[in-house]
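Following: one structure in structure tokens, then a few remarks.
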Amino acid sequence: MVTITESAQEYLAELLSKQEDALGVRVFINQPGTPRAETCIAYCRDGDVQDGDEERAYDAFTAWFDVRSLPYLEDALVDYAKDRMGGQLTIKAPNAKMPRVDENSPLEDRINYVLYNEVNPALAAHGGEVSLVEITDDMYAVLQFGGGCQGCSAVDQTLKGGVEKTLLEQLPQLKGVRDMTDHTDRSQAYY
């Protein structure tokens, strides 16, 4: 779980004392399990706590940890180091970008794992990438291509013969994939 050092607790408590409507802090990861993962600490106000959030009371404040982010916050460290300029709060979450996935992980995490560890390394040879936008109610993965794949004349083959085939082999609960990329922009296209 997350360790918040004593110096970080003191710093966060001081910040919170200046906020009239803050209940505490909320810790979460934007885009967990992807190369774009970003660990965040924000003021937690009425309405910010989500169902399933893990609540932890510290001496001077309460922290809520986003339930979806919990596996990615394993071994995370929040620290505050004073320096000549005042100080800096640092968050180190070594598992934020690499999910620990298994058959019980959310489908979104398992799709991202396959995309970022199997599909994107192959697309990178052409300067391309693909990311998950959403999973539809009818179990289609909606994807967006970027880099050399955006506007590429071979994107349909890549989508069906490569990406969809790989995802369906590993995640049979999916019915297929859909592409929401605007391929009229061919400025970065590989072909």
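Going by the structure tokens order, chains are called A, B, ..., each with residues numbered from 1, while ligands are numbered from 1 in the order shown.
Running DSSP on the backbone gives alpha helix (DSSP H) for these residues within segment 31-184 of chain A: Leu107, Glu108, Asp109, Arg110, Ile111, Asn112, Tyr113, Val114, Asn120, Pro121, Ala122, Leu123, Val155, Asp156, Gln157, Lys165, Thr166, Leu167, Leu168, Glu169 and Gln170 of chain A.
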Problem - Surrounding residues of segment 13-28 of chain A excluding itself and chain neighbours under 5 positions, 9 Å, only C-alpha atoms, as a PyMOL selection string - result: chain A and resi 8+38-46+48-49+59-70+73
Could you dump the residues just selected with C-alpha atoms as an mmCIF file, in the first residue's frame?
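Output contents, as saved in result37.cif:
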```cif
data_model
loop_
_atom_site.group_PDB
_atom_site.id
_atom_site.type_symbol
_atom_site.label_atom_id
_atom_site.label_comp_id
_atom_site.auth_asym_id
_atom_site.auth_seq_id
_atom_site.Cartn_x
_atom_site.Cartn_y
_atom_site.Cartn_z
ATOM 1 C CA ALA A 8 4.614 14.538 3.738
ATOM 2 C CA GLU A 38 0.153 9.843 -13.633
ATOM 3 C CA THR A 39 -0.110 9.556 -9.858
ATOM 4 C CA CYS A 40 -2.119 12.386 -8.300
ATOM 5 C CA ILE A 41 -3.013 13.778 -4.899
ATOM 6 C CA ALA A 42 -5.902 16.224 -4.835
ATOM 7 C CA TYR A 43 -8.057 17.949 -2.272
ATOM 8 C CA CYS A 44 -11.042 15.769 -1.486
ATOM 9 C CA ARG A 45 -14.305 17.675 -1.196
ATOM 10 C CA ASP A 46 -17.951 16.692 -0.831
ATOM 11 C CA ASP A 48 -15.301 13.427 -4.579
ATOM 12 C CA VAL A 49 -15.293 10.149 -2.629
ATOM 13 C CA ASP A 59 -3.021 12.112 12.623
ATOM 14 C CA ALA A 60 -4.011 15.413 10.988
ATOM 15 C CA PHE A 61 -6.119 14.428 7.957
ATOM 16 C CA THR A 62 -7.953 11.654 6.136
ATOM 17 C CA ALA A 63 -6.913 10.206 2.782
ATOM 18 C CA TRP A 64 -9.085 8.315 0.336
ATOM 19 C CA PHE A 65 -7.444 5.967 -2.168
ATOM 20 C CA ASP A 66 -9.225 5.364 -5.464
ATOM 21 C CA VAL A 67 -10.340 1.733 -5.615
ATOM 22 C CA ARG A 68 -9.373 1.330 -9.286
ATOM 23 C CA SER A 69 -5.895 2.739 -8.572
ATOM 24 C CA LEU A 70 -5.155 0.516 -5.561
ATOM 25 C CA LEU A 73 -0.403 2.170 -5.808
#
```
Handout entry: Selection near Val119 of chain A, 8 Å with only C-alpha atoms, sequence-local residues under 2 positions removed, as a list in words
Key =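 Answer for this query is Val114, Leu115, Tyr116, Asn117, Pro121, Ala122, Leu123, Val130, Gly162, Val163 and Thr166 of chain A.
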Take the residues from that selection and write them out as a PDB file, in the first residue's frame, keeping N, CA and C atoms.
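The result, written out as result_5.pdb:
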```pdb
ATOM      1  N   VAL A 114      -2.481  -5.818 -22.852  1.00  0.00           N
ATOM      2  CA  VAL A 114      -2.179  -6.419 -24.162  1.00  0.00           C
ATOM      3  C   VAL A 114      -1.742  -5.336 -25.143  1.00  0.00           C
ATOM      4  N   LEU A 115      -2.458  -4.208 -25.167  1.00  0.00           N
ATOM      5  CA  LEU A 115      -2.109  -3.142 -26.105  1.00  0.00           C
ATOM      6  C   LEU A 115      -0.696  -2.617 -25.858  1.00  0.00           C
ATOM      7  N   TYR A 116      -0.371  -2.322 -24.619  1.00  0.00           N
ATOM      8  CA  TYR A 116       0.907  -1.678 -24.311  1.00  0.00           C
ATOM      9  C   TYR A 116       2.090  -2.638 -24.253  1.00  0.00           C
ATOM     10  N   ASN A 117       1.818  -3.918 -24.058  1.00  0.00           N
ATOM     11  CA  ASN A 117       2.928  -4.862 -23.949  1.00  0.00           C
ATOM     12  C   ASN A 117       3.115  -5.753 -25.169  1.00  0.00           C
ATOM     13  N   PRO A 121       4.388  -2.351 -29.080  1.00  0.00           N
ATOM     14  CA  PRO A 121       5.779  -2.537 -29.487  1.00  0.00           C
ATOM     15  C   PRO A 121       5.918  -2.867 -30.984  1.00  0.00           C
ATOM     16  N   ALA A 122       4.963  -3.609 -31.539  1.00  0.00           N
ATOM     17  CA  ALA A 122       5.003  -3.921 -32.968  1.00  0.00           C
ATOM     18  C   ALA A 122       4.675  -2.675 -33.799  1.00  0.00           C
ATOM     19  N   LEU A 123       3.697  -1.892 -33.359  1.00  0.00           N
ATOM     20  CA  LEU A 123       3.316  -0.680 -34.091  1.00  0.00           C
ATOM     21  C   LEU A 123       4.412   0.382 -34.013  1.00  0.00           C
ATOM     22  N   VAL A 130      -1.604   2.521 -30.480  1.00  0.00           N
ATOM     23  CA  VAL A 130      -3.050   2.422 -30.348  1.00  0.00           C
ATOM     24  C   VAL A 130      -3.379   2.442 -28.864  1.00  0.00           C
ATOM     25  N   GLY A 162      -4.340  -7.695 -36.962  1.00  0.00           N
ATOM     26  CA  GLY A 162      -3.354  -7.641 -35.890  1.00  0.00           C
ATOM     27  C   GLY A 162      -3.967  -7.382 -34.526  1.00  0.00           C
ATOM     28  N   VAL A 163      -4.494  -6.161 -34.358  1.00  0.00           N
ATOM     29  CA  VAL A 163      -4.980  -5.747 -33.041  1.00  0.00           C
ATOM     30  C   VAL A 163      -6.180  -6.577 -32.596  1.00  0.00           C
ATOM     31  N   THR A 166      -5.311 -10.298 -31.917  1.00  0.00           N
ATOM     32  CA  THR A 166      -4.562 -10.453 -30.664  1.00  0.00           C
ATOM     33  C   THR A 166      -5.473 -10.310 -29.446  1.00  0.00           C
TER      34      THR A 166
END
```
Could you give me, as a PDB file with C-alpha atoms, in the first residue's frame, the residues within 12 Å of Thr136 of chain A, counting only C-alpha atoms and dropping anything in the same chain fewer than 3 positions from it?
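Wrote part.pdb, looks like this:
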```
ATOM      1  CA  LEU A 107     -11.353  -5.913 -18.559  1.00  0.00           C
ATOM      2  CA  GLU A 108     -10.037  -2.397 -19.242  1.00  0.00           C
ATOM      3  CA  LEU A 132      -8.211   2.102 -25.581  1.00  0.00           C
ATOM      4  CA  VAL A 133     -10.890   4.792 -25.513  1.00  0.00           C
ATOM      5  CA  MET A 139     -18.412  -5.605 -25.527  1.00  0.00           C
ATOM      6  CA  TYR A 140     -16.504  -3.867 -28.299  1.00  0.00           C
ATOM      7  CA  ALA A 141     -13.176  -2.197 -27.538  1.00  0.00           C
ATOM      8  CA  VAL A 142     -13.153   1.284 -29.061  1.00  0.00           C
ATOM      9  CA  LEU A 143      -9.594   2.184 -30.027  1.00  0.00           C
ATOM     10  CA  LEU A 174     -14.758  -9.160 -26.365  1.00  0.00           C
ATOM     11  CA  LYS A 175     -16.864  -9.247 -29.537  1.00  0.00           C
ATOM     12  CA  GLY A 176     -14.473  -7.113 -31.554  1.00  0.00           C
ATOM     13  CA  VAL A 177     -12.824  -3.742 -31.922  1.00  0.00           C
ATOM     14  CA  ARG A 178     -13.878  -0.425 -33.419  1.00  0.00           C
TER      15      ARG A 178
END
```
Completion exercise
A straight line from atom CA of Thr184 of chain A to atom CA of Ile111 of chain A spans 26.3 Å
Problem - Which residue of A:Ile135, A:Thr181, A:Ser7, A:Val2 approaches Pro106 of chain A most closely, using only C-alpha atoms - result: A:Ile135
Exercise for the section: Find the residues near Gly148 of chain A: any atom within 9 Å, counting only C-alpha atoms, skip ones fewer than 3 places away on the same chain, and give them as a ChimeraX atom specification. Expected result: /A:123-124,126-129,145,151-152,186-191
Practice task
Taking the DSSP assignment computed from this structure's backbone, write out as number ranges by chain all residues of segment 131-171 of chain A that belong to strand (DSSP E).
Solution key: A: 131-135, 140-147
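Here atom CA of Ile29 of chain A and atom CA of Asp102 of chain A stand 19.3 Å from one another.
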Handout entry: Interatomic distance, atom CA of Met98 of chain A to atom CA of Pro71 of chain A (Å, one decimal)
Key = 9.9 Å
Exercise for the section: For Ile4 of chain A, please output as an NGL selection string all residues within 8 Å (counting only C-alpha atoms; exclusion window: fewer than 2 positions along the same chain). Expected result: :A and (2 or 6 or 8-9 or 77-79)
